[in-house]
Amino acid sequence: KTVELTWQGLDYLTAELQNMALEVTPSQANFVLVDLKDSLKGRTIPEINEALLRKGVILRPVLNYGLKTHLRISVGLPSENKFAAAALKEVLS
C-alpha cells in the first residue's frame, strides 16, 4: 500500500508542478526534484523555503548538491501532497 501511495503521490506532484510550468526531474524515488529558476522572481531558494515554512510546509533546498534553484519535495499522504502543491503555488504567485 505504501509503494502504491508513493507512486500515486509522485504522479500527482509531477502533474501539479508541471501545471505550474515548473521543470520536474523524472523520479523513481519517494521525492520530486523541481527547478524553480523561472519562478523565483528575484528571490532565492532560501527565501522561498522560508515562506513555505511559515505556511507549515517543509521542503528541502538542495544547495549542498550545487542545485541553487531546486527544491526536493518528499511524497507524503495525498492530503499532504495537495497542501504542499497549493502552498508552493501560492508562494510563487
# chains A, B, ... in the order shown; residues from 1 in each chain; ligands from 1
call {"tool": "residues_around", "arguments": {"residues": "region 23-27 of chain A", "least_positions_apart": "5", "cutoff": "10 Å", "atoms": "only C-alpha atoms", "output": "MDAnalysis selection string"}}
result
chainID A and resid 7 10:11 13:15 17:18 32:38 70:71
call {"tool": "write_last_selection", "arguments": {"atoms": "N, CA, C and O atoms", "output": "CSV table (one decimal), in the first residue's frame"}}
result
chain,number,residue,atom,x,y,z
A,7,TRP,N,3.7,6.0,-5.5
A,7,TRP,CA,3.7,6.2,-7.0
A,7,TRP,C,2.5,7.2,-7.3
A,7,TRP,O,2.7,8.0,-8.2
A,10,LEU,N,3.8,10.6,-6.5
A,10,LEU,CA,4.8,11.1,-7.5
A,10,LEU,C,4.0,11.6,-8.7
A,10,LEU,O,4.3,12.7,-9.2
A,11,ASP,N,3.0,10.8,-9.2
A,11,ASP,CA,2.3,11.2,-10.3
A,11,ASP,C,1.5,12.5,-10.1
A,11,ASP,O,1.5,13.5,-10.9
A,13,LEU,N,2.2,15.0,-7.7
A,13,LEU,CA,3.1,16.1,-7.6
A,13,LEU,C,3.7,16.5,-8.9
A,13,LEU,O,3.7,17.7,-9.2
A,14,THR,N,4.1,15.5,-9.7
A,14,THR,CA,4.7,15.9,-11.0
A,14,THR,C,3.6,16.6,-11.9
A,14,THR,O,4.0,17.6,-12.5
A,15,ALA,N,2.4,16.1,-11.9
A,15,ALA,CA,1.4,16.8,-12.7
A,15,ALA,C,1.1,18.2,-12.2
A,15,ALA,O,1.0,19.2,-13.0
A,17,LEU,N,3.0,20.2,-10.4
A,17,LEU,CA,4.2,21.1,-10.7
A,17,LEU,C,4.3,21.5,-12.1
A,17,LEU,O,4.6,22.6,-12.5
A,18,GLN,N,4.1,20.5,-13.0
A,18,GLN,CA,4.2,20.8,-14.4
A,18,GLN,C,3.0,21.7,-14.9
A,18,GLN,O,3.2,22.6,-15.7
A,32,VAL,N,10.3,14.3,-5.4
A,32,VAL,CA,10.4,15.0,-6.7
A,32,VAL,C,11.4,16.1,-6.6
A,32,VAL,O,11.4,16.8,-5.6
A,33,LEU,N,12.2,16.3,-7.6
A,33,LEU,CA,13.1,17.4,-7.7
A,33,LEU,C,12.6,18.4,-8.7
A,33,LEU,O,12.4,18.1,-9.8
A,34,VAL,N,12.4,19.6,-8.2
A,34,VAL,CA,11.7,20.7,-9.0
A,34,VAL,C,12.7,21.9,-9.1
A,34,VAL,O,13.2,22.3,-8.2
A,35,ASP,N,12.8,22.4,-10.4
A,35,ASP,CA,13.6,23.6,-10.6
A,35,ASP,C,12.7,24.8,-10.7
A,35,ASP,O,11.8,24.8,-11.5
A,36,LEU,N,13.0,25.8,-9.8
A,36,LEU,CA,12.2,27.0,-9.8
A,36,LEU,C,12.8,28.1,-10.5
A,36,LEU,O,12.3,29.3,-10.3
A,37,LYS,N,13.8,27.9,-11.3
A,37,LYS,CA,14.6,29.0,-11.8
A,37,LYS,C,13.8,30.1,-12.5
A,37,LYS,O,14.1,31.3,-12.4
A,38,ASP,N,12.7,29.7,-13.2
A,38,ASP,CA,11.9,30.6,-14.0
A,38,ASP,C,10.8,31.3,-13.1
A,38,ASP,O,10.1,32.1,-13.6
A,70,HIS,N,16.7,24.7,-7.1
A,70,HIS,CA,15.9,23.5,-6.9
A,70,HIS,C,15.4,23.3,-5.5
A,70,HIS,O,16.0,23.7,-4.5
A,71,LEU,N,14.2,22.6,-5.4
A,71,LEU,CA,13.7,22.1,-4.1
A,71,LEU,C,13.4,20.6,-4.3
A,71,LEU,O,13.0,20.2,-5.4
call {"tool": "residues_around", "arguments": {"residues": "Gln8 (chain A)", "least_positions_apart": "3", "cutoff": "12 Å", "atoms": "only C-alpha atoms", "output": "list in words"}}
result
Lys1, Thr2, Val3, Glu4, Leu5, Asp11, Tyr12, Leu13, Thr14, Ala15, Gln28, Asn30, Phe31, Val75, Gly76, Leu77, Pro78, Asn81 and Lys82 of chain A
call {"tool": "write_last_selection", "arguments": {"atoms": "N, CA and C atoms", "output": "PDB file, in the first residue's frame"}}
result
ATOM      1  N   LYS A   1       0.827  -1.196   0.000  1.00  0.00           N
ATOM      2  CA  LYS A   1       0.000   0.000   0.000  1.00  0.00           C
ATOM      3  C   LYS A   1       0.873   1.262   0.000  1.00  0.00           C
ATOM      4  N   THR A   2       1.967   1.247   0.755  1.00  0.00           N
ATOM      5  CA  THR A   2       2.871   2.398   0.807  1.00  0.00           C
ATOM      6  C   THR A   2       3.483   2.678  -0.552  1.00  0.00           C
ATOM      7  N   VAL A   3       3.908   1.631  -1.240  1.00  0.00           N
ATOM      8  CA  VAL A   3       4.501   1.802  -2.572  1.00  0.00           C
ATOM      9  C   VAL A   3       3.460   2.384  -3.531  1.00  0.00           C
ATOM     10  N   GLU A   4       2.240   1.874  -3.465  1.00  0.00           N
ATOM     11  CA  GLU A   4       1.169   2.378  -4.328  1.00  0.00           C
ATOM     12  C   GLU A   4       0.890   3.855  -4.044  1.00  0.00           C
ATOM     13  N   LEU A   5       0.804   4.228  -2.773  1.00  0.00           N
ATOM     14  CA  LEU A   5       0.583   5.629  -2.407  1.00  0.00           C
ATOM     15  C   LEU A   5       1.731   6.525  -2.868  1.00  0.00           C
ATOM     16  N   ASP A  11       3.040  10.841  -9.151  1.00  0.00           N
ATOM     17  CA  ASP A  11       2.263  11.243 -10.330  1.00  0.00           C
ATOM     18  C   ASP A  11       1.527  12.548 -10.060  1.00  0.00           C
ATOM     19  N   TYR A  12       0.905  12.650  -8.892  1.00  0.00           N
ATOM     20  CA  TYR A  12       0.151  13.855  -8.551  1.00  0.00           C
ATOM     21  C   TYR A  12       1.065  15.077  -8.490  1.00  0.00           C
ATOM     22  N   LEU A  13       2.152  14.968  -7.735  1.00  0.00           N
ATOM     23  CA  LEU A  13       3.058  16.112  -7.588  1.00  0.00           C
ATOM     24  C   LEU A  13       3.662  16.518  -8.927  1.00  0.00           C
ATOM     25  N   THR A  14       4.071  15.542  -9.706  1.00  0.00           N
ATOM     26  CA  THR A  14       4.651  15.853 -11.021  1.00  0.00           C
ATOM     27  C   THR A  14       3.646  16.611 -11.881  1.00  0.00           C
ATOM     28  N   ALA A  15       2.413  16.139 -11.923  1.00  0.00           N
ATOM     29  CA  ALA A  15       1.384  16.806 -12.733  1.00  0.00           C
ATOM     30  C   ALA A  15       1.106  18.218 -12.212  1.00  0.00           C
ATOM     31  N   GLN A  28      12.277   8.086  -9.669  1.00  0.00           N
ATOM     32  CA  GLN A  28      11.941   6.709  -9.326  1.00  0.00           C
ATOM     33  C   GLN A  28      12.076   6.532  -7.812  1.00  0.00           C
ATOM     34  N   ASN A  30      11.118   8.445  -3.701  1.00  0.00           N
ATOM     35  CA  ASN A  30       9.963   8.931  -2.952  1.00  0.00           C
ATOM     36  C   ASN A  30       9.953  10.456  -2.849  1.00  0.00           C
ATOM     37  N   PHE A  31      10.569  11.100  -3.827  1.00  0.00           N
ATOM     38  CA  PHE A  31      10.582  12.559  -3.857  1.00  0.00           C
ATOM     39  C   PHE A  31      10.640  13.053  -5.289  1.00  0.00           C
ATOM     40  N   VAL A  75       7.323  12.828  -1.120  1.00  0.00           N
ATOM     41  CA  VAL A  75       5.935  12.404  -1.259  1.00  0.00           C
ATOM     42  C   VAL A  75       5.382  12.094   0.125  1.00  0.00           C
ATOM     43  N   GLY A  76       4.190  12.594   0.375  1.00  0.00           N
ATOM     44  CA  GLY A  76       3.517  12.317   1.638  1.00  0.00           C
ATOM     45  C   GLY A  76       2.169  11.676   1.374  1.00  0.00           C
ATOM     46  N   LEU A  77       1.287  11.818   2.337  1.00  0.00           N
ATOM     47  CA  LEU A  77      -0.089  11.362   2.154  1.00  0.00           C
ATOM     48  C   LEU A  77      -0.773  12.266   1.124  1.00  0.00           C
ATOM     49  N   PRO A  78      -1.830  11.796   0.491  1.00  0.00           N
ATOM     50  CA  PRO A  78      -2.494  12.629  -0.520  1.00  0.00           C
ATOM     51  C   PRO A  78      -2.837  14.033  -0.030  1.00  0.00           C
ATOM     52  N   ASN A  81       0.355  16.105   0.091  1.00  0.00           N
ATOM     53  CA  ASN A  81       0.818  16.459  -1.248  1.00  0.00           C
ATOM     54  C   ASN A  81       0.010  17.636  -1.800  1.00  0.00           C
ATOM     55  N   LYS A  82      -1.300  17.592  -1.607  1.00  0.00           N
ATOM     56  CA  LYS A  82      -2.161  18.681  -2.079  1.00  0.00           C
ATOM     57  C   LYS A  82      -1.832  19.981  -1.350  1.00  0.00           C
TER      58      LYS A  82
END
call {"tool": "select_by_dssp", "arguments": {"residues": "region 17-53 of chain A", "states": "alpha helix (DSSP H)", "output": "list in words"}}
result
Leu17, Gln18, Asn19, Ile45, Pro46, Glu47, Ile48, Asn49, Glu50, Ala51, Leu52 and Leu53 of chain A
call {"tool": "atom_distance", "arguments": {"atom1": "CA of Ala87 (chain A)", "atom2": "CA of Leu59 (chain A)"}}
result
10.8 Å
call {"tool": "closest_residue", "arguments": {"among": "A:Arg72, A:Tyr65, A:Lys41, A:Val91", "to": "Leu53 (chain A)", "atoms": "only C-alpha atoms"}}
result
A:Val91
call {"tool": "atom_distance", "arguments": {"atom1": "CA of Leu88 (chain A)", "atom2": "CA of Thr6 (chain A)"}}
result
19.5 Å
call {"tool": "atom_distance", "arguments": {"atom1": "CA of Ser39 (chain A)", "atom2": "CA of Leu22 (chain A)"}}
result
7.8 Å
call {"tool": "select_by_dssp", "arguments": {"residues": "region 9-65 of chain A", "states": "strand (DSSP E or B)", "output": "ChimeraX atom specification"}}
result
/A:23-25,31-35,60-61
call {"tool": "closest_residue", "arguments": {"among": "A:Ile58, A:Ala86, A:Gly9, A:Ser79", "to": "Ala29 (chain A)", "atoms": "only C-alpha atoms"}}
result
A:Gly9
call {"tool": "residues_around", "arguments": {"residues": "Pro46 (chain A)", "least_positions_apart": "5", "cutoff": "10 Å", "atoms": "only C-alpha atoms", "output": "number ranges by chain"}}
result
A: 51-52, 60-61, 63, 68-69, 71
call {"tool": "decode", "arguments": {"residues": "region 2-36 of chain A", "atoms": "N, CA and C atoms", "output": "CSV table (one decimal), in the first residue's frame"}}
result
chain,number,residue,atom,x,y,z
A,2,THR,N,2.0,1.2,0.8
A,2,THR,CA,2.9,2.4,0.8
A,2,THR,C,3.5,2.7,-0.6
A,3,VAL,N,3.9,1.6,-1.2
A,3,VAL,CA,4.5,1.8,-2.6
A,3,VAL,C,3.5,2.4,-3.5
A,4,GLU,N,2.2,1.9,-3.5
A,4,GLU,CA,1.2,2.4,-4.3
A,4,GLU,C,0.9,3.9,-4.0
A,5,LEU,N,0.8,4.2,-2.8
A,5,LEU,CA,0.6,5.6,-2.4
A,5,LEU,C,1.7,6.5,-2.9
A,6,THR,N,2.9,6.0,-2.8
A,6,THR,CA,4.1,6.8,-3.2
A,6,THR,C,4.1,7.0,-4.7
A,7,TRP,N,3.7,6.0,-5.5
A,7,TRP,CA,3.7,6.2,-7.0
A,7,TRP,C,2.5,7.2,-7.3
A,8,GLN,N,1.4,7.1,-6.6
A,8,GLN,CA,0.3,8.0,-6.9
A,8,GLN,C,0.7,9.4,-6.5
A,9,GLY,N,1.4,9.5,-5.4
A,9,GLY,CA,1.9,10.9,-5.0
A,9,GLY,C,2.9,11.5,-5.9
A,10,LEU,N,3.8,10.6,-6.5
A,10,LEU,CA,4.8,11.1,-7.5
A,10,LEU,C,4.0,11.6,-8.7
A,11,ASP,N,3.0,10.8,-9.2
A,11,ASP,CA,2.3,11.2,-10.3
A,11,ASP,C,1.5,12.5,-10.1
A,12,TYR,N,0.9,12.6,-8.9
A,12,TYR,CA,0.2,13.9,-8.6
A,12,TYR,C,1.1,15.1,-8.5
A,13,LEU,N,2.2,15.0,-7.7
A,13,LEU,CA,3.1,16.1,-7.6
A,13,LEU,C,3.7,16.5,-8.9
A,14,THR,N,4.1,15.5,-9.7
A,14,THR,CA,4.7,15.9,-11.0
A,14,THR,C,3.6,16.6,-11.9
A,15,ALA,N,2.4,16.1,-11.9
A,15,ALA,CA,1.4,16.8,-12.7
A,15,ALA,C,1.1,18.2,-12.2
A,16,GLU,N,1.0,18.4,-10.9
A,16,GLU,CA,0.7,19.7,-10.3
A,16,GLU,C,1.8,20.7,-10.6
A,17,LEU,N,3.0,20.2,-10.4
A,17,LEU,CA,4.2,21.1,-10.7
A,17,LEU,C,4.3,21.5,-12.1
A,18,GLN,N,4.1,20.5,-13.0
A,18,GLN,CA,4.2,20.8,-14.4
A,18,GLN,C,3.0,21.7,-14.9
A,19,ASN,N,1.9,21.6,-14.2
A,19,ASN,CA,0.8,22.6,-14.5
A,19,ASN,C,1.1,24.0,-14.0
A,20,MET,N,2.1,24.1,-13.1
A,20,MET,CA,2.6,25.4,-12.7
A,20,MET,C,3.7,25.9,-13.6
A,21,ALA,N,4.0,25.2,-14.7
A,21,ALA,CA,5.1,25.4,-15.6
A,21,ALA,C,6.4,25.3,-15.0
A,22,LEU,N,6.6,24.4,-14.0
A,22,LEU,CA,7.9,24.1,-13.4
A,22,LEU,C,8.5,22.9,-14.0
A,23,GLU,N,9.8,22.9,-14.0
A,23,GLU,CA,10.6,21.8,-14.6
A,23,GLU,C,10.8,20.7,-13.5
A,24,VAL,N,10.3,19.5,-13.7
A,24,VAL,CA,10.4,18.4,-12.8
A,24,VAL,C,11.4,17.4,-13.3
A,25,THR,N,12.3,17.0,-12.5
A,25,THR,CA,13.2,15.9,-12.9
A,25,THR,C,12.5,14.6,-12.7
A,26,PRO,N,12.5,13.7,-13.7
A,26,PRO,CA,11.8,12.4,-13.6
A,26,PRO,C,12.4,11.6,-12.3
A,27,SER,N,11.5,11.0,-11.6
A,27,SER,CA,11.9,10.4,-10.3
A,27,SER,C,11.4,8.9,-10.3
A,28,GLN,N,12.3,8.1,-9.7
A,28,GLN,CA,11.9,6.7,-9.3
A,28,GLN,C,12.1,6.5,-7.8
A,29,ALA,N,12.1,7.6,-7.1
A,29,ALA,CA,12.3,7.6,-5.7
A,29,ALA,C,11.0,8.1,-5.0
A,30,ASN,N,11.1,8.4,-3.7
A,30,ASN,CA,10.0,8.9,-3.0
A,30,ASN,C,10.0,10.5,-2.8
A,31,PHE,N,10.6,11.1,-3.8
A,31,PHE,CA,10.6,12.6,-3.9
A,31,PHE,C,10.6,13.1,-5.3
A,32,VAL,N,10.3,14.3,-5.4
A,32,VAL,CA,10.4,15.0,-6.7
A,32,VAL,C,11.4,16.1,-6.6
A,33,LEU,N,12.2,16.3,-7.6
A,33,LEU,CA,13.1,17.4,-7.7
A,33,LEU,C,12.6,18.4,-8.7
A,34,VAL,N,12.4,19.6,-8.2
A,34,VAL,CA,11.7,20.7,-9.0
A,34,VAL,C,12.7,21.9,-9.1
A,35,ASP,N,12.8,22.4,-10.4
A,35,ASP,CA,13.6,23.6,-10.6
A,35,ASP,C,12.7,24.8,-10.7
A,36,LEU,N,13.0,25.8,-9.8
A,36,LEU,CA,12.2,27.0,-9.8
A,36,LEU,C,12.8,28.1,-10.5
